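> What follows is model34.txt, compact mmCIF, C-alpha atoms.
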# COMPACT_ATOMS: atom_id res chain seq x y z
CA MET Z 1 -25.70 57.49 -46.76
CA ALA Z 2 -22.46 56.86 -48.61
CA GLU Z 3 -20.89 55.56 -45.41
CA GLU Z 4 -18.49 52.72 -46.20
CA ARG Z 5 -17.26 52.32 -42.67
CA GLN Z 6 -18.91 49.40 -40.84
CA ILE Z 7 -19.77 50.26 -37.25
CA HIS Z 8 -20.64 46.89 -35.85
CA LEU Z 9 -18.57 45.66 -32.94
CA TYR Z 10 -20.34 44.78 -29.70
CA LEU Z 11 -18.82 43.75 -26.36
CA ASP Z 12 -19.33 40.12 -27.39
CA ASP Z 13 -17.11 40.62 -30.46
CA LEU Z 14 -14.07 41.89 -28.56
CA LYS Z 15 -11.30 40.01 -26.78
CA PRO Z 16 -7.99 40.92 -25.14
CA GLY Z 17 -5.27 41.25 -27.75
CA ASP Z 18 -7.53 42.61 -30.51
CA ARG Z 19 -5.80 45.44 -32.34
CA PHE Z 20 -7.01 48.38 -34.42
CA VAL Z 21 -5.04 51.04 -36.26
CA THR Z 22 -6.41 54.38 -37.48
CA HIS Z 23 -5.39 56.31 -40.55
CA ALA Z 24 -2.70 58.98 -40.14
CA GLU Z 25 -3.11 62.74 -40.20
CA GLU Z 26 -0.70 65.67 -39.95
CA ILE Z 27 -0.95 68.25 -37.18
CA THR Z 28 0.14 71.69 -38.34
CA ALA Z 29 1.51 74.77 -36.56
CA SER Z 30 -1.69 76.61 -37.39
CA ASP Z 31 -3.83 73.76 -35.93
CA ILE Z 32 -1.73 73.92 -32.75
CA LYS Z 33 -2.06 77.70 -32.37
CA ALA Z 34 -5.79 77.73 -33.13
CA PHE Z 35 -6.53 75.08 -30.49
CA ALA Z 36 -4.30 76.84 -27.96
CA ALA Z 37 -5.93 80.23 -28.56
CA GLN Z 38 -9.28 78.67 -27.72
CA PHE Z 39 -8.43 76.30 -24.87
CA ASP Z 40 -4.84 76.49 -23.67
CA PRO Z 41 -3.43 79.97 -24.31
CA GLN Z 42 0.11 79.51 -23.01
CA PRO Z 43 3.22 80.83 -24.85
CA PHE Z 44 4.66 77.38 -25.69
CA HIS Z 45 1.43 76.47 -27.55
CA LEU Z 46 0.86 79.85 -29.23
CA ASP Z 47 4.07 81.21 -30.66
CA GLU Z 48 7.30 79.68 -32.01
CA GLY Z 49 9.44 82.56 -30.71
CA ALA Z 50 8.01 82.62 -27.21
CA ALA Z 51 8.15 78.81 -27.02
CA THR Z 52 11.93 78.71 -27.50
CA SER Z 53 12.77 79.86 -23.98
CA THR Z 54 10.27 77.51 -22.28
CA LEU Z 55 10.58 73.94 -21.02
CA PHE Z 56 9.32 72.78 -24.45
CA GLY Z 57 12.13 74.53 -26.35
CA GLY Z 58 9.79 75.17 -29.29
CA LEU Z 59 6.14 75.15 -30.36
CA ALA Z 60 4.26 72.14 -28.95
CA ALA Z 61 0.60 71.13 -29.05
CA SER Z 62 -1.50 71.31 -25.89
CA GLY Z 63 -1.86 67.82 -24.45
CA TRP Z 64 -5.63 68.30 -24.77
CA HIS Z 65 -5.16 69.05 -28.44
CA THR Z 66 -3.26 65.78 -28.85
CA ALA Z 67 -6.08 64.04 -26.95
CA SER Z 68 -8.79 65.65 -29.09
CA PHE Z 69 -6.87 64.94 -32.31
CA THR Z 70 -6.54 61.31 -31.16
CA MET Z 71 -10.28 61.16 -30.53
CA ARG Z 72 -11.02 62.34 -34.08
CA LEU Z 73 -8.76 59.60 -35.46
CA LEU Z 74 -10.47 56.99 -33.25
CA VAL Z 75 -13.98 58.11 -34.18
CA SER Z 76 -13.26 58.28 -37.90
CA SER Z 77 -11.16 55.14 -38.33
CA GLY Z 78 -10.45 53.46 -35.01
CA LEU Z 79 -12.22 50.57 -33.33
CA PRO Z 80 -15.74 50.47 -34.83
CA LEU Z 81 -17.95 50.12 -31.74
CA ALA Z 82 -21.70 49.69 -32.17
CA GLY Z 83 -22.62 52.32 -29.58
CA GLY Z 84 -19.87 54.78 -30.52
CA VAL Z 85 -16.66 55.51 -28.65
CA ILE Z 86 -17.85 56.38 -25.14
CA GLY Z 87 -15.17 56.75 -22.49
CA ALA Z 88 -15.79 56.72 -18.75
CA GLY Z 89 -12.22 57.84 -18.15
CA GLY Z 90 -8.71 56.47 -18.04
CA GLU Z 91 -5.05 57.15 -17.56
CA ILE Z 92 -3.37 59.60 -19.91
CA SER Z 93 0.26 60.59 -20.41
CA TRP Z 94 2.24 62.59 -22.93
CA PRO Z 95 5.73 61.03 -23.12
CA ARG Z 96 6.94 63.60 -25.66
CA PRO Z 97 5.38 66.82 -27.00
CA THR Z 98 3.43 66.80 -30.28
CA ARG Z 99 5.26 69.07 -32.73
CA PRO Z 100 4.09 70.89 -35.88
CA GLY Z 101 4.39 68.54 -38.85
CA ASP Z 102 3.97 65.35 -36.81
CA VAL Z 103 1.87 62.84 -38.75
CA LEU Z 104 -0.14 60.98 -36.13
CA HIS Z 105 -2.04 57.71 -36.05
CA VAL Z 106 -3.49 55.69 -33.16
CA GLU Z 107 -2.83 52.04 -32.34
CA THR Z 108 -5.44 50.46 -30.05
CA SER Z 109 -5.04 47.18 -28.16
CA VAL Z 110 -7.87 45.63 -26.18
CA VAL Z 111 -6.63 44.78 -22.67
CA GLU Z 112 -9.76 43.63 -20.81
CA VAL Z 113 -13.42 42.91 -21.61
CA THR Z 114 -15.86 42.82 -18.67
CA PRO Z 115 -19.63 42.40 -18.92
CA SER Z 116 -21.51 44.56 -16.44
CA ARG Z 117 -23.00 42.68 -13.48
CA SER Z 118 -25.81 45.16 -12.93
CA ARG Z 119 -26.57 46.09 -16.58
CA PRO Z 120 -27.00 43.07 -18.88
CA ASP Z 121 -27.08 45.32 -21.98
CA ARG Z 122 -23.50 46.59 -21.69
CA GLY Z 123 -19.98 46.11 -20.38
CA MET Z 124 -16.59 47.75 -19.95
CA VAL Z 125 -13.63 47.47 -22.30
CA ILE Z 126 -10.19 48.60 -21.21
CA CYS Z 127 -7.95 49.43 -24.14
CA GLU Z 128 -4.57 51.03 -24.59
CA ASN Z 129 -4.44 53.76 -27.22
CA LEU Z 130 -0.99 54.82 -28.38
CA THR Z 131 -0.84 57.95 -30.49
CA LYS Z 132 2.31 57.71 -32.59
CA THR Z 133 4.26 59.78 -35.08
CA ALA Z 134 5.32 58.38 -38.47
CA GLU Z 135 8.74 57.76 -36.83
CA GLY Z 136 7.09 55.60 -34.16
CA ASP Z 137 7.47 58.04 -31.26
CA VAL Z 138 4.62 57.85 -28.75
CA VAL Z 139 3.16 61.33 -28.11
CA GLN Z 140 0.23 60.07 -26.04
CA ARG Z 141 -0.68 56.93 -24.14
CA PHE Z 142 -4.31 56.70 -23.07
CA VAL Z 143 -5.52 53.60 -21.27
CA ALA Z 144 -9.26 54.06 -21.65
CA LYS Z 145 -12.31 52.56 -19.99
CA LEU Z 146 -14.99 52.36 -22.67
CA VAL Z 147 -18.69 51.59 -22.21
CA VAL Z 148 -19.72 49.10 -24.92
CA PRO Z 149 -23.18 47.62 -25.63
CA ARG Z 150 -23.77 43.85 -25.76
CA ARG Z 151 -25.12 42.27 -28.91
CA THR Z 152 -27.83 40.40 -27.03
CA ALA Z 153 -28.57 40.45 -23.35
CA PRO Z 154 -27.68 37.08 -21.79
CA LYS Z 155 -30.56 34.86 -20.66
CA ALA Z 156 -31.53 35.53 -17.07
CA MET U 1 0.34 94.56 -20.58
CA ALA U 2 -2.76 95.18 -18.49
CA GLU U 3 -2.37 91.74 -16.91
CA GLU U 4 -3.60 91.82 -13.32
CA ARG U 5 -3.15 88.13 -12.72
CA GLN U 6 0.01 87.30 -10.75
CA ILE U 7 1.80 84.24 -12.09
CA HIS U 8 4.30 83.54 -9.38
CA LEU U 9 4.09 80.17 -7.67
CA TYR U 10 7.12 77.89 -7.72
CA LEU U 11 7.45 74.34 -6.44
CA ASP U 12 8.86 75.76 -3.19
CA ASP U 13 5.64 77.74 -2.62
CA LEU U 14 3.27 74.75 -2.79
CA LYS U 15 2.30 72.22 -0.14
CA PRO U 16 -0.27 69.42 0.13
CA GLY U 17 -3.68 70.80 1.00
CA ASP U 18 -3.28 74.09 -0.89
CA ARG U 19 -6.48 74.92 -2.74
CA PHE U 20 -7.31 77.06 -5.77
CA VAL U 21 -10.66 77.83 -7.39
CA THR U 22 -11.17 79.21 -10.90
CA HIS U 23 -13.91 81.52 -12.11
CA ALA U 24 -17.02 79.92 -13.60
CA GLU U 25 -18.09 79.83 -17.23
CA GLU U 26 -21.13 78.49 -19.07
CA ILE U 27 -20.83 75.81 -21.73
CA THR U 28 -23.48 76.21 -24.44
CA ALA U 29 -25.10 73.80 -26.91
CA SER U 30 -23.38 75.59 -29.75
CA ASP U 31 -19.96 75.27 -28.01
CA ILE U 32 -20.62 71.54 -27.59
CA LYS U 33 -21.59 71.00 -31.23
CA ALA U 34 -18.70 73.08 -32.60
CA PHE U 35 -16.12 71.13 -30.60
CA ALA U 36 -17.72 67.82 -31.58
CA ALA U 37 -17.82 68.70 -35.27
CA GLN U 38 -14.08 69.29 -35.14
CA PHE U 39 -12.87 66.54 -32.81
CA ASP U 40 -15.55 64.07 -31.74
CA PRO U 41 -18.28 63.87 -34.40
CA GLN U 42 -20.64 61.40 -32.75
CA PRO U 43 -24.46 61.83 -32.70
CA PHE U 44 -24.72 62.36 -28.91
CA HIS U 45 -22.33 65.34 -29.13
CA LEU U 46 -23.71 66.84 -32.37
CA ASP U 47 -27.48 66.87 -32.35
CA GLU U 48 -30.17 67.03 -29.62
CA GLY U 49 -32.57 64.82 -31.56
CA ALA U 50 -30.07 62.11 -32.41
CA ALA U 51 -28.72 62.18 -28.84
CA THR U 52 -32.08 61.23 -27.31
CA SER U 53 -31.90 57.58 -28.30
CA THR U 54 -28.26 57.12 -27.18
CA LEU U 55 -26.76 56.13 -23.84
CA PHE U 56 -26.52 59.85 -23.00
CA GLY U 57 -30.27 60.45 -23.46
CA GLY U 58 -29.62 63.99 -24.69
CA LEU U 59 -26.89 66.31 -25.95
CA ALA U 60 -23.65 65.95 -23.96
CA ALA U 61 -20.20 67.46 -24.39
CA SER U 62 -17.31 65.31 -25.55
CA GLY U 63 -15.16 64.38 -22.56
CA TRP U 64 -12.25 66.03 -24.39
CA HIS U 65 -14.29 69.21 -24.63
CA THR U 66 -14.85 69.14 -20.87
CA ALA U 67 -11.11 68.55 -20.46
CA SER U 68 -10.20 71.42 -22.79
CA PHE U 69 -12.75 73.74 -21.20
CA THR U 70 -11.27 72.83 -17.80
CA MET U 71 -7.80 73.67 -19.09
CA ARG U 72 -8.92 77.12 -20.22
CA LEU U 73 -10.35 77.79 -16.75
CA LEU U 74 -7.11 76.57 -15.12
CA VAL U 75 -4.87 78.63 -17.40
CA SER U 76 -6.94 81.80 -17.04
CA SER U 77 -7.73 81.69 -13.31
CA GLY U 78 -6.47 78.46 -11.74
CA LEU U 79 -3.27 77.79 -9.82
CA PRO U 80 -0.82 80.48 -10.94
CA LEU U 81 2.35 78.48 -11.64
CA ALA U 82 5.54 80.31 -12.60
CA GLY U 83 6.32 78.02 -15.55
CA GLY U 84 2.73 77.69 -16.75
CA VAL U 85 0.42 74.73 -16.36
CA ILE U 86 2.42 71.85 -17.85
CA GLY U 87 1.00 68.36 -17.38
CA ALA U 88 2.92 65.14 -17.84
CA GLY U 89 -0.32 63.17 -17.60
CA GLY U 90 -2.75 61.86 -15.04
CA GLU U 91 -5.94 60.03 -14.34
CA ILE U 92 -9.15 61.40 -15.81
CA SER U 93 -12.79 60.44 -15.36
CA TRP U 94 -16.15 61.87 -16.30
CA PRO U 95 -18.63 60.89 -13.54
CA ARG U 96 -21.55 62.59 -15.29
CA PRO U 97 -21.91 64.15 -18.76
CA THR U 98 -21.46 67.90 -19.25
CA ARG U 99 -24.77 69.32 -20.50
CA PRO U 100 -25.61 72.52 -22.40
CA GLY U 101 -26.13 75.34 -19.90
CA ASP U 102 -23.82 73.86 -17.25
CA VAL U 103 -21.82 76.64 -15.57
CA LEU U 104 -18.45 75.11 -14.78
CA HIS U 105 -15.59 75.99 -12.47
CA VAL U 106 -12.54 74.03 -11.33
CA GLU U 107 -11.44 73.30 -7.76
CA THR U 108 -7.80 72.27 -7.43
CA SER U 109 -6.21 70.63 -4.37
CA VAL U 110 -2.50 69.97 -4.12
CA VAL U 111 -1.92 66.33 -3.12
CA GLU U 112 1.85 65.86 -3.34
CA VAL U 113 4.93 68.01 -3.99
CA THR U 114 8.13 66.20 -5.00
CA PRO U 115 11.41 67.86 -5.99
CA SER U 116 13.12 66.08 -8.86
CA ARG U 117 16.19 64.03 -7.89
CA SER U 118 17.87 64.37 -11.26
CA ARG U 119 16.82 67.96 -12.14
CA PRO U 120 17.45 70.50 -9.35
CA ASP U 121 15.54 73.20 -11.26
CA ARG U 122 12.12 71.51 -11.11
CA GLY U 123 9.79 69.02 -9.47
CA MET U 124 6.46 67.26 -9.76
CA VAL U 125 3.17 68.36 -8.24
CA ILE U 126 0.23 66.00 -8.08
CA CYS U 127 -3.07 67.81 -7.81
CA GLU U 128 -6.71 66.85 -8.01
CA ASN U 129 -8.81 69.03 -10.30
CA LEU U 130 -12.57 68.73 -9.91
CA THR U 131 -14.64 70.39 -12.62
CA LYS U 132 -18.01 71.18 -11.08
CA THR U 133 -21.35 72.60 -12.11
CA ALA U 134 -23.01 75.44 -10.17
CA GLU U 135 -25.08 72.72 -8.46
CA GLY U 136 -21.88 71.02 -7.24
CA ASP U 137 -22.03 68.00 -9.57
CA VAL U 138 -18.58 66.77 -10.62
CA VAL U 139 -18.40 66.44 -14.43
CA GLN U 140 -14.68 65.70 -14.49
CA ARG U 141 -12.03 64.54 -12.06
CA PHE U 142 -8.45 64.90 -13.26
CA VAL U 143 -5.60 63.92 -10.97
CA ALA U 144 -2.74 65.62 -12.77
CA LYS U 145 1.01 65.33 -12.61
CA LEU U 146 2.40 68.81 -13.24
CA VAL U 147 5.99 69.83 -13.94
CA VAL U 148 6.76 72.91 -11.82
CA PRO U 149 10.00 74.95 -11.69
CA ARG U 150 11.83 75.59 -8.42
CA ARG U 151 12.42 79.14 -7.21
CA THR U 152 16.10 78.52 -6.60
CA ALA U 153 18.10 75.39 -7.14
CA PRO U 154 19.10 73.89 -3.76
CA LYS U 155 22.77 74.05 -2.77
CA ALA U 156 24.66 70.95 -3.93
Taking this structure as input, can you express it in the form of structure tokens?


Amino acid sequence: MAEERQIHLYLDDLKPGDRFVTHAEEITASDIKAFAAQFDPQPFHLDEGAATSTLFGGLAASGWHTASFTMRLLVSSGLPLAGGVIGAGGEISWPRPTRPGDVLHVETSVVEVTPSRSRPDRGMVICENLTKTAEGDVVQRFVAKLVVPRRTAPKA
Amino acid sequence: MAEERQIHLYLDDLKPGDRFVTHAEEITASDIKAFAAQFDPQPFHLDEGAATSTLFGGLAASGWHTASFTMRLLVSSGLPLAGGVIGAGGEISWPRPTRPGDVLHVETSVVEVTPSRSRPDRGMVICENLTKTAEGDVVQRFVAKLVVPRRTAPKA
């Protein structure tokens, strides 16, 4: 495989304060409408004209589109976890709508690292993921609980 | 339009304890792989064989796919809000993976209804949305904060 990306971080390699930044990618009006047609078919996500008279005042991405777009950025160039990016859940908010033409990247900060008491092969990492535009506006904040494998199980 | 669905509930029409249930829909292996290829290209979401040796032990939907699938159910047959289903954020968790062949529906319970102090034309509704299989397993819990318009602005 011509994979240059190193996927190598275990629970043992992470500590609070560690930071990771993804590459940036543009979200287009046609991306927004295609996602909405499939998963969130509401006027403010589907059509510029219809969106004008809504609370959004113009075309905006579904929050779930922003979340999914964020996930793609994290998986392709975010924190390189050995077991993959596996979320158990978290707290999500969308402080401002994602608009066509926004160029988004994700900034991740590790908040907490906790080995599992019952499962010596893994632990939980809490991290804050801010999805930001090129101008620095936050379009999504997701404080995630991730399941992360340990490099070696501790001695019993 | 041949729309039979009545979209008519305002903040004033909702109270804690109100319940809504969507129709049910099956999620297929090909749905799961197509979503993953676009937004969450990790082995456990893309390929049955590769998924076997992962934490999931078999093909599982991306959590964001479960979230997006849930949104489609809510928009098409969930709580019929006058302004549409507009979330400001919330708390999400995936207690068990969504598997190919799961037939999902969403059960919504209104938890809290709060008129806005600064904006007389709207308010916030907190509701719990449980996405369940036909067997009653919860694959997603999303406690959402929704922005909901008021029927009439209160007298000043």

> Can you check which residues of chain U have any atom within 6 Å of chain Z? Use only C-alpha atoms and format it as a ChimeraX atom specification.

/U:39-40,64,68,72,88-94

> Take the residues from that selection and write them out as a CSV table (one decimal), keeping the file's coordinate frame, keeping C-alpha atoms.


chain,number,residue,atom,x,y,z
U,39,PHE,CA,-12.9,66.5,-32.8
U,40,ASP,CA,-15.6,64.1,-31.7
U,64,TRP,CA,-12.2,66.0,-24.4
U,68,SER,CA,-10.2,71.4,-22.8
U,72,ARG,CA,-8.9,77.1,-20.2
U,88,ALA,CA,2.9,65.1,-17.8
U,89,GLY,CA,-0.3,63.2,-17.6
U,90,GLY,CA,-2.8,61.9,-15.0
U,91,GLU,CA,-5.9,60.0,-14.3
U,92,ILE,CA,-9.2,61.4,-15.8
U,93,SER,CA,-12.8,60.4,-15.4
U,94,TRP,CA,-16.2,61.9,-16.3

> So the first atom is CA of Val106 (chain U) and the second is CA of Ile27 (chain U); what is the distance between them in Å, to one decimal place?

13.4 Å

> Using all atoms listed in the file, which protein or nucleic acid residues come within 6 Å of region 29-31 of chain U? Drop anything in the same chain fewer than 2 positions from it, and give the result as a PyMOL selection string.

chain U and resi 33-34+100

> Can you measure CA of Pro115 (chain U) to CA of Leu11 (chain U) for me? One decimal in Å is fine.

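Going from CA of Pro115 (chain U) over to CA of Leu11 (chain U) covers 7.6 Å.
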
> Any idea what the distance is between CA of Thr52 (chain U) and CA of Gln6 (chain Z)?

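According to the coordinates, CA of Thr52 (chain U) and CA of Gln6 (chain Z) are separated by 22.3 Å.
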
> Taking all atoms listed in the file into account, which of U:Ser77, U:Thr114, U:Thr66, U:Asn129 comes nearest Pro16 (chain U)?

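Closest residue, counting all atoms listed in the file: U:Thr114.
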
> Nearest to Leu104 (chain U) among U:Thr28, U:Ser53, U:Thr152, U:Thr131, with distances taken over all atoms listed in the file: which residue is it?

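Ranked by minimum distance to Leu104 (chain U), first place goes to U:Thr131.
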
> Kindly indicate which residue among U:Val139, U:Val110, U:Leu146, U:Ile126 lies nearest to Gly17 (chain U), using only C-alpha atoms for the distances.

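Using only C-alpha atoms, the shortest distance to Gly17 (chain U) belongs to U:Val110.
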
> Just want the 8 Å neighbourhood of Val21 (chain U), counted on only C-alpha atoms, with same-chain residues fewer than 5 positions away dropped. Output as an MDAnalysis selection string.

chainID U and resid 77:79 105:108

> With distances taken over only C-alpha atoms, which residue among Z:Asp18, Z:Ala51, Z:Leu59, Z:Tyr10 lies nearest Ile32 (chain Z)?

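Residue with the minimum atom-to-atom distance to Ile32 (chain Z): Z:Leu59.
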
> Could you check which of Z:Glu112, Z:Glu25, Z:Asp13, Z:Asp102 is closest to Pro80 (chain Z), using all atoms listed in the file?

Z:Asp13

> Which residues come within 6 Å of Arg122 (chain Z), counting all atoms listed in the file, excluding same-chain residues fewer than 5 positions away, as a list in words?

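Counting all atoms listed in the file, the residues come to Ser116, Val148, Pro149 and Arg150 of chain Z.
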
> Could you dump the residues just selected with C-alpha atoms as a PDB file, in the frame of the given file?


ATOM      1  CA  SER Z 116     -21.510  44.560 -16.440  1.00  0.00           C
ATOM      2  CA  VAL Z 148     -19.720  49.100 -24.920  1.00  0.00           C
ATOM      3  CA  PRO Z 149     -23.180  47.620 -25.630  1.00  0.00           C
ATOM      4  CA  ARG Z 150     -23.770  43.850 -25.760  1.00  0.00           C
TER       5      ARG Z 150
END
